[in-house]
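Structure file my_file_4.cif with mmCIF, C-alpha atoms and all ligand atoms; chains and numbers go by the auth columns:
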```cif
data_target
loop_
_atom_site.group_PDB
_atom_site.id
_atom_site.type_symbol
_atom_site.label_atom_id
_atom_site.label_comp_id
_atom_site.label_asym_id
_atom_site.label_seq_id
_atom_site.Cartn_x
_atom_site.Cartn_y
_atom_site.Cartn_z
_atom_site.B_iso_or_equiv
_atom_site.auth_seq_id
_atom_site.auth_asym_id
ATOM 1 C CA MET A 1 298.147 15.376 152.410 0.00 1 A
ATOM 2 C CA ARG A 2 298.175 11.815 151.214 0.00 2 A
ATOM 3 C CA ILE A 3 300.716 9.529 152.906 0.00 3 A
ATOM 4 C CA ASP A 4 301.509 6.051 151.595 0.00 4 A
ATOM 5 C CA VAL A 5 303.583 3.623 153.650 0.00 5 A
ATOM 6 C CA LEU A 6 305.310 0.533 152.208 0.00 6 A
ATOM 7 C CA THR A 7 306.125 -1.996 154.901 0.00 7 A
ATOM 8 C CA LEU A 8 306.455 -5.679 155.703 0.00 8 A
ATOM 9 C CA PHE A 9 304.600 -5.038 158.980 0.00 9 A
ATOM 10 C CA PRO A 10 301.470 -3.003 158.207 0.00 10 A
ATOM 11 C CA GLU A 11 299.877 -4.001 161.522 0.00 11 A
ATOM 12 C CA MET A 12 302.396 -1.838 163.373 0.00 12 A
ATOM 13 C CA PHE A 13 300.836 1.335 161.976 0.00 13 A
ATOM 14 C CA SER A 14 297.154 1.187 162.910 0.00 14 A
ATOM 15 C CA PRO A 15 297.551 1.960 166.632 0.00 15 A
ATOM 16 C CA VAL A 16 299.676 5.018 165.892 0.00 16 A
ATOM 17 C CA LEU A 17 297.979 6.422 162.791 0.00 17 A
ATOM 18 C CA GLY A 18 294.523 5.882 164.318 0.00 18 A
ATOM 19 C CA ALA A 19 295.081 7.525 167.695 0.00 19 A
ATOM 20 C CA SER A 20 295.475 10.974 169.190 0.00 20 A
ATOM 21 C CA MET A 21 296.342 13.906 166.913 0.00 21 A
ATOM 22 C CA LEU A 22 297.163 11.774 163.852 0.00 22 A
ATOM 23 C CA GLY A 23 293.880 9.883 164.180 0.00 23 A
ATOM 24 C CA ARG A 24 291.964 13.142 164.465 0.00 24 A
ATOM 25 C CA ALA A 25 293.781 14.627 161.460 0.00 25 A
ATOM 26 C CA ALA A 26 292.825 11.542 159.448 0.00 26 A
ATOM 27 C CA GLN A 27 289.195 11.815 160.593 0.00 27 A
ATOM 28 C CA LYS A 28 289.138 15.470 159.575 0.00 28 A
ATOM 29 C CA GLY A 29 290.536 14.538 156.152 0.00 29 A
ATOM 30 C CA ILE A 30 293.684 16.624 156.608 0.00 30 A
ATOM 31 C CA LEU A 31 295.823 13.483 156.413 0.00 31 A
ATOM 32 C CA GLU A 32 294.970 10.433 154.341 0.00 32 A
ATOM 33 C CA PHE A 33 296.966 7.330 155.266 0.00 33 A
ATOM 34 C CA SER A 34 297.362 4.267 153.108 0.00 34 A
ATOM 35 C CA VAL A 35 299.531 1.414 154.407 0.00 35 A
ATOM 36 C CA HIS A 36 300.644 -1.250 151.939 0.00 36 A
ATOM 37 C CA ASN A 37 302.065 -4.691 152.634 0.00 37 A
ATOM 38 C CA ILE A 38 305.100 -5.177 150.402 0.00 38 A
ATOM 39 C CA ARG A 39 304.607 -8.948 150.607 0.00 39 A
ATOM 40 C CA ASP A 40 301.308 -8.631 148.698 0.00 40 A
ATOM 41 C CA TYR A 41 303.299 -7.513 145.652 0.00 41 A
ATOM 42 C CA SER A 42 305.785 -10.397 145.588 0.00 42 A
ATOM 43 C CA THR A 43 305.429 -12.531 142.467 0.00 43 A
ATOM 44 C CA SER A 44 307.382 -15.466 143.893 0.00 44 A
ATOM 45 C CA LYS A 45 305.571 -18.641 144.813 0.00 45 A
ATOM 46 C CA HIS A 46 306.096 -18.186 148.540 0.00 46 A
ATOM 47 C CA LYS A 47 305.661 -14.415 148.492 0.00 47 A
ATOM 48 C CA ASN A 48 309.317 -13.870 149.374 0.00 48 A
ATOM 49 C CA THR A 49 310.485 -10.333 149.978 0.00 49 A
ATOM 50 C CA ASP A 50 314.167 -10.879 150.841 0.00 50 A
ATOM 51 C CA ASP A 51 317.119 -12.869 149.555 0.00 51 A
ATOM 52 C CA TYR A 52 320.802 -13.502 150.266 0.00 52 A
ATOM 53 C CA PRO A 53 323.270 -10.696 149.568 0.00 53 A
ATOM 54 C CA PHE A 54 325.457 -10.971 146.474 0.00 54 A
ATOM 55 C CA GLY A 55 329.055 -11.047 147.649 0.00 55 A
ATOM 56 C CA GLY A 56 328.151 -12.865 150.846 0.00 56 A
ATOM 57 C CA GLY A 57 327.805 -11.625 154.377 0.00 57 A
ATOM 58 C CA ALA A 58 325.307 -11.799 157.194 0.00 58 A
ATOM 59 C CA GLY A 59 321.604 -11.123 156.906 0.00 59 A
ATOM 60 C CA MET A 60 319.140 -10.774 154.093 0.00 60 A
ATOM 61 C CA VAL A 61 318.452 -8.019 151.594 0.00 61 A
ATOM 62 C CA MET A 62 315.021 -6.734 150.594 0.00 62 A
ATOM 63 C CA MET A 63 314.390 -7.747 146.967 0.00 63 A
ATOM 64 C CA PRO A 64 313.676 -5.097 144.329 0.00 64 A
ATOM 65 C CA GLN A 65 310.721 -6.862 142.631 0.00 65 A
ATOM 66 C CA PRO A 66 308.043 -6.537 145.338 0.00 66 A
ATOM 67 C CA ILE A 67 308.991 -2.924 146.058 0.00 67 A
ATOM 68 C CA PHE A 68 309.090 -1.910 142.363 0.00 68 A
ATOM 69 C CA SER A 69 305.699 -3.562 141.784 0.00 69 A
ATOM 70 C CA CYS A 70 304.215 -1.838 144.809 0.00 70 A
ATOM 71 C CA LEU A 71 305.570 1.561 143.695 0.00 71 A
ATOM 72 C CA ASP A 72 304.285 1.044 140.136 0.00 72 A
ATOM 73 C CA THR A 73 300.843 0.166 141.492 0.00 73 A
ATOM 74 C CA ILE A 74 300.295 2.791 144.169 0.00 74 A
ATOM 75 C CA ASP A 75 302.308 5.647 142.618 0.00 75 A
ATOM 76 C CA GLU A 76 302.247 4.821 138.923 0.00 76 A
ATOM 77 C CA ASN A 77 302.705 8.418 137.775 0.00 77 A
ATOM 78 C CA ALA A 78 305.522 9.003 140.295 0.00 78 A
ATOM 79 C CA GLU A 79 303.665 11.859 141.976 0.00 79 A
ATOM 80 C CA ALA A 80 304.672 11.121 145.548 0.00 80 A
ATOM 81 C CA TYR A 81 307.790 12.449 147.226 0.00 81 A
ATOM 82 C CA ARG A 82 309.485 9.186 148.128 0.00 82 A
ATOM 83 C CA VAL A 83 311.348 8.746 151.394 0.00 83 A
ATOM 84 C CA VAL A 84 313.140 5.588 152.479 0.00 84 A
ATOM 85 C CA LEU A 85 313.743 5.075 156.196 0.00 85 A
ATOM 86 C CA THR A 86 317.219 3.712 156.753 0.00 86 A
ATOM 87 C CA PRO A 87 319.939 4.177 159.378 0.00 87 A
ATOM 88 C CA ARG A 88 322.269 5.430 156.605 0.00 88 A
ATOM 89 C CA GLY A 89 319.974 8.364 155.760 0.00 89 A
ATOM 90 C CA GLU A 90 320.280 12.021 156.685 0.00 90 A
ATOM 91 C CA THR A 91 319.106 12.704 160.228 0.00 91 A
ATOM 92 C CA LEU A 92 315.589 14.052 160.743 0.00 92 A
ATOM 93 C CA ASN A 93 315.445 17.609 162.074 0.00 93 A
ATOM 94 C CA VAL A 94 312.969 20.516 162.135 0.00 94 A
ATOM 95 C CA ALA A 95 314.090 21.855 158.738 0.00 95 A
ATOM 96 C CA LEU A 96 313.577 18.485 157.055 0.00 96 A
ATOM 97 C CA ALA A 97 310.201 17.991 158.769 0.00 97 A
ATOM 98 C CA GLN A 98 309.053 21.417 157.552 0.00 98 A
ATOM 99 C CA GLU A 99 310.256 20.676 154.028 0.00 99 A
ATOM 100 C CA LEU A 100 308.392 17.357 153.926 0.00 100 A
ATOM 101 C CA ALA A 101 305.279 19.011 155.388 0.00 101 A
ATOM 102 C CA GLN A 102 305.036 21.148 152.209 0.00 102 A
ATOM 103 C CA LYS A 103 304.592 18.117 149.926 0.00 103 A
ATOM 104 C CA GLU A 104 301.160 17.211 148.612 0.00 104 A
ATOM 105 C CA ARG A 105 301.919 13.545 148.666 0.00 105 A
ATOM 106 C CA LEU A 106 304.509 11.568 150.633 0.00 106 A
ATOM 107 C CA LEU A 107 305.523 7.941 150.380 0.00 107 A
ATOM 108 C CA PHE A 108 307.561 6.151 153.047 0.00 108 A
ATOM 109 C CA LEU A 109 309.438 2.910 152.421 0.00 109 A
ATOM 110 C CA CYS A 110 310.423 1.074 155.592 0.00 110 A
ATOM 111 C CA GLY A 111 313.716 -0.759 155.370 0.00 111 A
ATOM 112 C CA HIS A 112 314.329 -4.113 157.032 0.00 112 A
ATOM 113 C CA TYR A 113 316.851 -6.903 157.365 0.00 113 A
ATOM 114 C CA GLU A 114 320.405 -5.952 156.451 0.00 114 A
ATOM 115 C CA GLY A 115 319.291 -3.485 153.830 0.00 115 A
ATOM 116 C CA ILE A 116 317.433 -2.830 150.629 0.00 116 A
ATOM 117 C CA ASP A 117 318.654 -3.698 147.132 0.00 117 A
ATOM 118 C CA GLU A 118 320.436 -0.554 145.969 0.00 118 A
ATOM 119 C CA ARG A 119 318.412 -0.415 142.741 0.00 119 A
ATOM 120 C CA VAL A 120 315.386 0.533 144.875 0.00 120 A
ATOM 121 C CA MET A 121 317.265 3.587 146.136 0.00 121 A
ATOM 122 C CA GLY A 122 317.272 4.977 142.590 0.00 122 A
ATOM 123 C CA LYS A 123 313.473 5.208 142.792 0.00 123 A
ATOM 124 C CA MET A 124 313.521 7.254 146.004 0.00 124 A
ATOM 125 C CA HIS A 125 314.014 10.997 146.543 0.00 125 A
ATOM 126 C CA ARG A 126 315.398 10.958 150.053 0.00 126 A
ATOM 127 C CA GLU A 127 317.050 8.651 152.599 0.00 127 A
ATOM 128 C CA VAL A 128 316.133 9.545 156.181 0.00 128 A
ATOM 129 C CA SER A 129 317.235 8.269 159.605 0.00 129 A
ATOM 130 C CA ILE A 130 315.903 9.367 162.985 0.00 130 A
ATOM 131 C CA GLY A 131 319.192 9.199 164.871 0.00 131 A
ATOM 132 C CA ASP A 132 322.505 7.484 165.425 0.00 132 A
ATOM 133 C CA TYR A 133 321.311 4.093 166.623 0.00 133 A
ATOM 134 C CA VAL A 134 319.913 1.086 164.791 0.00 134 A
ATOM 135 C CA LEU A 135 316.296 -0.047 165.037 0.00 135 A
ATOM 136 C CA THR A 136 315.034 -3.467 163.950 0.00 136 A
ATOM 137 C CA GLY A 137 313.236 -1.800 161.061 0.00 137 A
ATOM 138 C CA GLY A 138 312.167 1.497 159.554 0.00 138 A
ATOM 139 C CA GLU A 139 308.556 1.299 160.800 0.00 139 A
ATOM 140 C CA LEU A 140 309.035 3.148 164.069 0.00 140 A
ATOM 141 C CA ALA A 141 311.201 5.684 162.261 0.00 141 A
ATOM 142 C CA ALA A 142 308.458 6.243 159.648 0.00 142 A
ATOM 143 C CA MET A 143 305.937 6.859 162.424 0.00 143 A
ATOM 144 C CA VAL A 144 308.299 9.311 164.099 0.00 144 A
ATOM 145 C CA VAL A 145 308.744 11.209 160.820 0.00 145 A
ATOM 146 C CA ILE A 146 304.996 11.220 160.100 0.00 146 A
ATOM 147 C CA ASP A 147 304.175 12.462 163.602 0.00 147 A
ATOM 148 C CA CYS A 148 306.854 15.138 163.408 0.00 148 A
ATOM 149 C CA ILE A 149 305.794 16.533 160.031 0.00 149 A
ATOM 150 C CA SER A 150 302.081 16.425 160.921 0.00 150 A
ATOM 151 C CA ARG A 151 302.622 19.194 163.438 0.00 151 A
ATOM 152 C CA PHE A 152 303.608 21.546 160.617 0.00 152 A
ATOM 153 C CA ILE A 153 300.476 20.835 158.584 0.00 153 A
ATOM 154 C CA PRO A 154 297.746 23.447 159.097 0.00 154 A
ATOM 155 C CA GLY A 155 294.800 22.101 161.096 0.00 155 A
ATOM 156 C CA VAL A 156 296.589 19.171 162.737 0.00 156 A
ATOM 157 C CA LEU A 157 297.375 21.056 165.919 0.00 157 A
ATOM 158 C CA GLY A 158 294.555 22.857 167.714 0.00 158 A
ATOM 159 C CA SER A 159 294.252 26.605 167.225 0.00 159 A
ATOM 160 C CA ASP A 160 295.887 27.446 170.563 0.00 160 A
ATOM 161 C CA GLU A 161 298.738 25.037 169.990 0.00 161 A
ATOM 162 C CA SER A 162 301.690 26.010 167.933 0.00 162 A
ATOM 163 C CA ALA A 163 304.620 24.217 166.434 0.00 163 A
ATOM 164 C CA MET A 164 306.492 27.508 166.662 0.00 164 A
ATOM 165 C CA ASP A 165 306.682 28.110 170.416 0.00 165 A
ATOM 166 C CA GLU A 166 308.386 24.890 171.414 0.00 166 A
ATOM 167 C CA SER A 167 311.713 23.227 171.864 0.00 167 A
ATOM 168 C CA PHE A 168 314.007 23.607 168.824 0.00 168 A
ATOM 169 C CA SER A 169 311.878 26.120 166.926 0.00 169 A
ATOM 170 C CA ASP A 170 314.091 28.982 168.137 0.00 170 A
ATOM 171 C CA GLY A 171 317.026 26.633 168.626 0.00 171 A
ATOM 172 C CA LEU A 172 316.551 26.473 172.402 0.00 172 A
ATOM 173 C CA LEU A 173 314.915 23.818 174.563 0.00 173 A
ATOM 174 C CA GLU A 174 311.549 24.565 176.113 0.00 174 A
ATOM 175 C CA TYR A 175 311.172 26.404 179.418 0.00 175 A
ATOM 176 C CA PRO A 176 309.432 24.726 182.402 0.00 176 A
ATOM 177 C CA GLN A 177 305.640 24.793 182.616 0.00 177 A
ATOM 178 C CA TYR A 178 303.361 24.745 185.664 0.00 178 A
ATOM 179 C CA THR A 179 299.626 24.431 186.187 0.00 179 A
ATOM 180 C CA ARG A 180 297.384 24.598 189.251 0.00 180 A
ATOM 181 C CA PRO A 181 297.716 24.259 192.179 0.00 181 A
ATOM 182 C CA SER A 182 300.251 27.001 192.874 0.00 182 A
ATOM 183 C CA GLU A 183 301.595 24.891 195.726 0.00 183 A
ATOM 184 C CA PHE A 184 301.780 21.083 195.542 0.00 184 A
ATOM 185 C CA CYS A 185 303.462 18.760 198.078 0.00 185 A
ATOM 186 C CA GLY A 186 305.223 21.787 199.488 0.00 186 A
ATOM 187 C CA GLU A 187 306.617 22.854 196.106 0.00 187 A
ATOM 188 C CA LYS A 188 305.659 26.314 194.914 0.00 188 A
ATOM 189 C CA VAL A 189 305.259 27.596 191.383 0.00 189 A
ATOM 190 C CA PRO A 190 307.848 30.331 190.683 0.00 190 A
ATOM 191 C CA GLU A 191 306.431 33.669 191.906 0.00 191 A
ATOM 192 C CA VAL A 192 307.126 35.446 188.597 0.00 192 A
ATOM 193 C CA LEU A 193 304.510 33.310 186.813 0.00 193 A
ATOM 194 C CA LEU A 194 301.755 34.352 189.224 0.00 194 A
ATOM 195 C CA ASN A 195 302.016 38.137 189.133 0.00 195 A
ATOM 196 C CA GLY A 196 300.888 38.919 185.550 0.00 196 A
ATOM 197 C CA ASN A 197 304.033 40.856 184.568 0.00 197 A
ATOM 198 C CA HIS A 198 304.312 39.598 181.017 0.00 198 A
ATOM 199 C CA ALA A 199 307.701 41.112 180.265 0.00 199 A
ATOM 200 C CA ALA A 200 309.133 39.557 183.440 0.00 200 A
ATOM 201 C CA ILE A 201 307.525 36.211 182.551 0.00 201 A
ATOM 202 C CA ALA A 202 308.991 36.326 179.021 0.00 202 A
ATOM 203 C CA ARG A 203 312.456 37.122 180.405 0.00 203 A
ATOM 204 C CA TRP A 204 312.222 34.350 183.018 0.00 204 A
ATOM 205 C CA ARG A 205 311.167 31.826 180.378 0.00 205 A
ATOM 206 C CA ARG A 206 313.977 32.858 178.055 0.00 206 A
ATOM 207 C CA GLU A 207 316.494 32.449 180.873 0.00 207 A
ATOM 208 C CA GLN A 208 315.097 29.055 181.840 0.00 208 A
ATOM 209 C CA SER A 209 315.346 27.953 178.193 0.00 209 A
ATOM 210 C CA LEU A 210 318.957 29.093 178.146 0.00 210 A
ATOM 211 C CA LEU A 211 319.705 27.241 181.415 0.00 211 A
ATOM 212 C CA ILE A 212 318.089 23.989 180.301 0.00 212 A
ATOM 213 C CA THR A 213 319.811 24.132 176.915 0.00 213 A
ATOM 214 C CA LEU A 214 323.169 24.819 178.569 0.00 214 A
ATOM 215 C CA LYS A 215 322.678 21.852 180.904 0.00 215 A
ATOM 216 C CA ASN A 216 321.225 19.255 178.506 0.00 216 A
ATOM 217 C CA ARG A 217 322.345 20.259 175.002 0.00 217 A
ATOM 218 C CA PRO A 218 325.101 22.887 175.234 0.00 218 A
ATOM 219 C CA GLU A 219 326.064 22.373 171.568 0.00 219 A
ATOM 220 C CA LEU A 220 322.695 23.831 170.511 0.00 220 A
ATOM 221 C CA LEU A 221 323.707 27.251 171.865 0.00 221 A
ATOM 222 C CA GLU A 222 326.240 27.570 169.019 0.00 222 A
ATOM 223 C CA GLY A 223 323.431 27.861 166.487 0.00 223 A
ATOM 224 C CA VAL A 224 321.202 30.301 168.404 0.00 224 A
ATOM 225 C CA SER A 225 321.121 34.052 167.931 0.00 225 A
ATOM 226 C CA LEU A 226 321.626 35.346 171.442 0.00 226 A
ATOM 227 C CA THR A 227 320.787 38.854 172.603 0.00 227 A
ATOM 228 C CA LYS A 228 323.172 40.861 174.733 0.00 228 A
ATOM 229 C CA ALA A 229 320.994 40.096 177.770 0.00 229 A
ATOM 230 C CA ASP A 230 321.195 36.375 176.916 0.00 230 A
ATOM 231 C CA ARG A 231 324.992 36.540 176.747 0.00 231 A
ATOM 232 C CA LEU A 232 325.286 38.367 180.040 0.00 232 A
ATOM 233 C CA PHE A 233 322.948 35.859 181.652 0.00 233 A
ATOM 234 C CA LEU A 234 324.922 32.855 180.373 0.00 234 A
ATOM 235 C CA GLU A 235 328.213 34.434 181.431 0.00 235 A
ATOM 236 C CA ALA A 236 326.839 34.942 184.926 0.00 236 A
ATOM 237 C CA VAL A 237 325.634 31.330 185.057 0.00 237 A
ATOM 238 C CA LYS A 238 328.989 29.977 183.885 0.00 238 A
ATOM 239 C CA ASN A 239 330.741 32.132 186.491 0.00 239 A
ATOM 240 C CA GLY A 240 328.533 30.543 189.133 0.00 240 A
ATOM 241 C CA GLU A 241 326.864 33.833 190.010 0.00 241 A
ATOM 242 C CA ASN A 242 323.407 32.470 189.436 0.00 242 A
ATOM 243 C CA GLN A 243 320.262 31.375 189.526 0.00 243 A
ATOM 244 C CA GLY A 244 318.036 28.966 191.313 0.00 244 A
ATOM 245 C CA LYS A 245 318.872 26.017 189.028 0.00 245 A
HETATM 246 CL CL1 LIG B . 315.180 5.066 159.587 0.00 301 A
HETATM 247 N N1 LIG B . 315.827 2.636 160.368 0.00 301 A
HETATM 248 C C1 LIG B . 316.422 1.780 161.193 0.00 301 A
HETATM 249 N N2 LIG B . 316.331 0.458 160.963 0.00 301 A
HETATM 250 N N3 LIG B . 317.130 2.151 162.255 0.00 301 A
HETATM 251 C C2 LIG B . 317.205 3.464 162.476 0.00 301 A
HETATM 252 C C3 LIG B . 316.595 4.421 161.670 0.00 301 A
HETATM 253 C C4 LIG B . 315.909 3.958 160.593 0.00 301 A
HETATM 254 N N4 LIG B . 316.882 5.637 162.148 0.00 301 A
HETATM 255 C C5 LIG B . 317.619 5.430 163.220 0.00 301 A
HETATM 256 N N5 LIG B . 317.824 4.130 163.421 0.00 301 A
#
```
Would it be possible to restate this file's structure as structure tokens?
Ligand code: 6GU
Amino acid sequence: MRIDVLTLFPEMFSPVLGASMLGRAAQKGILEFSVHNIRDYSTSKHKNTDDYPFGGGAGMVMMPQPIFSCLDTIDENAEAYRVVLTPRGETLNVALAQELAQKERLLFLCGHYEGIDERVMGKMHREVSIGDYVLTGGELAAMVVIDCISRFIPGVLGSDESAMDESFSDGLLEYPQYTRPSEFCGEKVPEVLLNGNHAAIARWRREQSLLITLKNRPELLEGVSLTKADRLFLEAVKNGENQGK
């Protein structure tokens, strides 16, 4: 997948796109990143990229000219699926990440200042936010989106890793994990994980996922298909009849 990023702060991207899983995916040729400085495309004498808002008000607005020129240069045949990062966008979730992961070519425009000239929005396919808070710019949000979608692209995760078995994929939060030693600072790993009874382990993990979801994100339970055993378990927990945690 080719990923273009349009930003006023290209230097923010190299540490993230060059490291860890994303860096390895780029080395393997699975992901191909190209980060473009919007300022390079400004035709004004001082390479301006923002101007005062018509109608007045605080802050500056990103000008259309540098962004249009950049788009015309790097995506002249309009082949990329174009996403603008802005707090007014739809909120990123697993479904959106999976949808974006199917595209052959993605382009991310990072918003800044008080906003982007609305005529730019007509050139984009999607407006995306990463949550209900405001960042100083869309760069961190773009990196979050890129990282999130990369996990759904074949070959990015190792063969024994899976984007399927984790928090949110079945609508529940992830169960607790332990590794050696089986006792550390007086704290023991739950016995059920040590005895090789895979059905018991699966049930324990499911119940832990239910407990953690109930505690941290109870609203998520509304959207989960619960088995009869799940329902009985949650009832028992709510009635205070339960369970270690
Ligand atoms: Cl995409 N941009 C900015 N500036 N703030 C945000 C955001 C995006 N998503 C959440 N907050």
Using only C-alpha atoms and all ligand atoms, what does the table of chain A residues within 12 Å of ligand LIG 301 (chain A) look like, with each row giving the shortest atom pair and its distance in Å to one decimal, sorted by chain and ascending number, as JSON lines?
```
{"residue": "A:Val83", "atom": "CA", "partner": "A:LIG301", "partner_atom": "CL1", "distance": 9.8}
{"residue": "A:Val84", "atom": "CA", "partner": "A:LIG301", "partner_atom": "CL1", "distance": 7.4}
{"residue": "A:Leu85", "atom": "CA", "partner": "A:LIG301", "partner_atom": "CL1", "distance": 3.7}
{"residue": "A:Thr86", "atom": "CA", "partner": "A:LIG301", "partner_atom": "CL1", "distance": 3.7}
{"residue": "A:Pro87", "atom": "CA", "partner": "A:LIG301", "partner_atom": "C3", "distance": 4.1}
{"residue": "A:Arg88", "atom": "CA", "partner": "A:LIG301", "partner_atom": "C4", "distance": 7.6}
{"residue": "A:Gly89", "atom": "CA", "partner": "A:LIG301", "partner_atom": "CL1", "distance": 7.0}
{"residue": "A:Glu90", "atom": "CA", "partner": "A:LIG301", "partner_atom": "N4", "distance": 9.1}
{"residue": "A:Thr91", "atom": "CA", "partner": "A:LIG301", "partner_atom": "N4", "distance": 7.7}
{"residue": "A:Leu92", "atom": "CA", "partner": "A:LIG301", "partner_atom": "N4", "distance": 8.6}
{"residue": "A:Phe108", "atom": "CA", "partner": "A:LIG301", "partner_atom": "CL1", "distance": 10.1}
{"residue": "A:Leu109", "atom": "CA", "partner": "A:LIG301", "partner_atom": "CL1", "distance": 9.4}
{"residue": "A:Cys110", "atom": "CA", "partner": "A:LIG301", "partner_atom": "N1", "distance": 7.4}
{"residue": "A:Gly111", "atom": "CA", "partner": "A:LIG301", "partner_atom": "N2", "distance": 6.3}
{"residue": "A:His112", "atom": "CA", "partner": "A:LIG301", "partner_atom": "N2", "distance": 6.4}
{"residue": "A:Tyr113", "atom": "CA", "partner": "A:LIG301", "partner_atom": "N2", "distance": 8.2}
{"residue": "A:Glu114", "atom": "CA", "partner": "A:LIG301", "partner_atom": "N2", "distance": 8.8}
{"residue": "A:Gly115", "atom": "CA", "partner": "A:LIG301", "partner_atom": "N2", "distance": 8.7}
{"residue": "A:Ile116", "atom": "CA", "partner": "A:LIG301", "partner_atom": "N2", "distance": 10.9}
{"residue": "A:Arg126", "atom": "CA", "partner": "A:LIG301", "partner_atom": "CL1", "distance": 11.2}
{"residue": "A:Glu127", "atom": "CA", "partner": "A:LIG301", "partner_atom": "CL1", "distance": 8.1}
{"residue": "A:Val128", "atom": "CA", "partner": "A:LIG301", "partner_atom": "CL1", "distance": 5.7}
{"residue": "A:Ser129", "atom": "CA", "partner": "A:LIG301", "partner_atom": "N4", "distance": 3.7}
{"residue": "A:Ile130", "atom": "CA", "partner": "A:LIG301", "partner_atom": "N4", "distance": 3.9}
{"residue": "A:Gly131", "atom": "CA", "partner": "A:LIG301", "partner_atom": "C5", "distance": 4.4}
{"residue": "A:Asp132", "atom": "CA", "partner": "A:LIG301", "partner_atom": "C5", "distance": 5.7}
{"residue": "A:Tyr133", "atom": "CA", "partner": "A:LIG301", "partner_atom": "N5", "distance": 4.7}
{"residue": "A:Val134", "atom": "CA", "partner": "A:LIG301", "partner_atom": "N3", "distance": 3.9}
{"residue": "A:Leu135", "atom": "CA", "partner": "A:LIG301", "partner_atom": "N3", "distance": 3.6}
{"residue": "A:Thr136", "atom": "CA", "partner": "A:LIG301", "partner_atom": "N2", "distance": 5.1}
{"residue": "A:Gly137", "atom": "CA", "partner": "A:LIG301", "partner_atom": "N2", "distance": 3.8}
{"residue": "A:Gly138", "atom": "CA", "partner": "A:LIG301", "partner_atom": "N1", "distance": 3.9}
{"residue": "A:Glu139", "atom": "CA", "partner": "A:LIG301", "partner_atom": "N1", "distance": 7.4}
{"residue": "A:Leu140", "atom": "CA", "partner": "A:LIG301", "partner_atom": "C4", "distance": 7.7}
{"residue": "A:Ala141", "atom": "CA", "partner": "A:LIG301", "partner_atom": "CL1", "distance": 4.8}
{"residue": "A:Ala142", "atom": "CA", "partner": "A:LIG301", "partner_atom": "CL1", "distance": 6.8}
{"residue": "A:Met143", "atom": "CA", "partner": "A:LIG301", "partner_atom": "CL1", "distance": 9.8}
{"residue": "A:Val144", "atom": "CA", "partner": "A:LIG301", "partner_atom": "CL1", "distance": 9.3}
{"residue": "A:Val145", "atom": "CA", "partner": "A:LIG301", "partner_atom": "CL1", "distance": 9.0}
{"residue": "A:Ile146", "atom": "CA", "partner": "A:LIG301", "partner_atom": "CL1", "distance": 11.9}
```
Would you kindly identify which residues have an atom no farther than 12 Å from (324.5, 24.9, 179.3), using all atoms listed in the file and the file's own coordinates, and write them out as a count of residues only?
-> 27
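Between atom CA of Leu193 of chain A and atom CA of Pro176 of chain A there is a distance of 10.8 Å.
The interatomic distance for the pair atom CA of Gly223 of chain A and atom CA of Gly171 of chain A works out to 6.9 Å.
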As a check of understanding: the span from atom CA of Asn37 of chain A to atom CA of Pro10 of chain A is 5.9 Å
Any chance you could work out the residue set of the PyMOL selection byres (((chain A and resi 70) around 12) and not hetatm) here, as a PyMOL selection string?
-> chain A and resi 4-8+35-43+49+63-69+71-76+78+107-109+120+123
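Of the residues listed (A:Gly240, A:Cys185, A:Asn195, A:Asn48), A:Asn48 shows the shortest atom-to-atom separation from Met62 of chain A; distances use only C-alpha atoms.
Using all atoms listed in the file, the shortest contact distance between Gly18 of chain A and any of A:Tyr52, A:Tyr175, A:Glu118, A:Asp147 is found at A:Asp147.
Compared by their closest atoms to Gln98 of chain A, and using all atoms listed in the file, the residues A:Lys28, A:Arg151, A:Arg119, A:Arg82 rank with A:Arg151 nearest.
Residues in contact with Ile153 of chain A at 10 Å, where all atoms listed in the file are counted and same-chain residues fewer than 3 positions away are skipped, are listed as A:Met1, A:Ala25, A:Ile30, A:Leu31, A:Gln98, A:Leu100, A:Ala101, A:Gln102, A:Lys103, A:Cys148, A:Ile149, A:Ser150, A:Val156, A:Leu157, A:Ala163.
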Near Arg105 of chain A, counting only C-alpha atoms, which residues have an atom at most 6 Å away, once you skip same-chain residues fewer than 5 positions from it, shown as a PyMOL selection string?
-> chain A and resi 1-3+80
From the block I gave, I'd like segment 30-36 of chain A written with N, CA and C atoms, as a JSON list (two decimals), in the first residue's frame.
```json
[["chain", "number", "residue", "atom", "x", "y", "z"],
["A", 30, "ILE", "N", 5.89, -3.62, 2.11],
["A", 30, "ILE", "CA", 4.43, -3.78, 2.26],
["A", 30, "ILE", "C", 3.77, -2.41, 2.31],
["A", 31, "LEU", "N", 4.43, -1.48, 3.00],
["A", 31, "LEU", "CA", 3.96, -0.09, 3.05],
["A", 31, "LEU", "C", 5.01, 0.80, 2.43],
["A", 32, "GLU", "N", 4.53, 1.80, 1.68],
["A", 32, "GLU", "CA", 5.44, 2.74, 1.04],
["A", 32, "GLU", "C", 5.00, 4.15, 1.44],
["A", 33, "PHE", "N", 5.78, 4.78, 2.31],
["A", 33, "PHE", "CA", 5.39, 6.10, 2.83],
["A", 33, "PHE", "C", 6.03, 7.22, 2.02],
["A", 34, "SER", "N", 5.25, 8.27, 1.82],
["A", 34, "SER", "CA", 5.80, 9.46, 1.17],
["A", 34, "SER", "C", 5.21, 10.67, 1.88],
["A", 35, "VAL", "N", 6.06, 11.44, 2.56],
["A", 35, "VAL", "CA", 5.60, 12.58, 3.35],
["A", 35, "VAL", "C", 5.96, 13.87, 2.63],
["A", 36, "HIS", "N", 4.96, 14.73, 2.43],
["A", 36, "HIS", "CA", 5.13, 15.93, 1.63],
["A", 36, "HIS", "C", 4.90, 17.18, 2.48]]
```
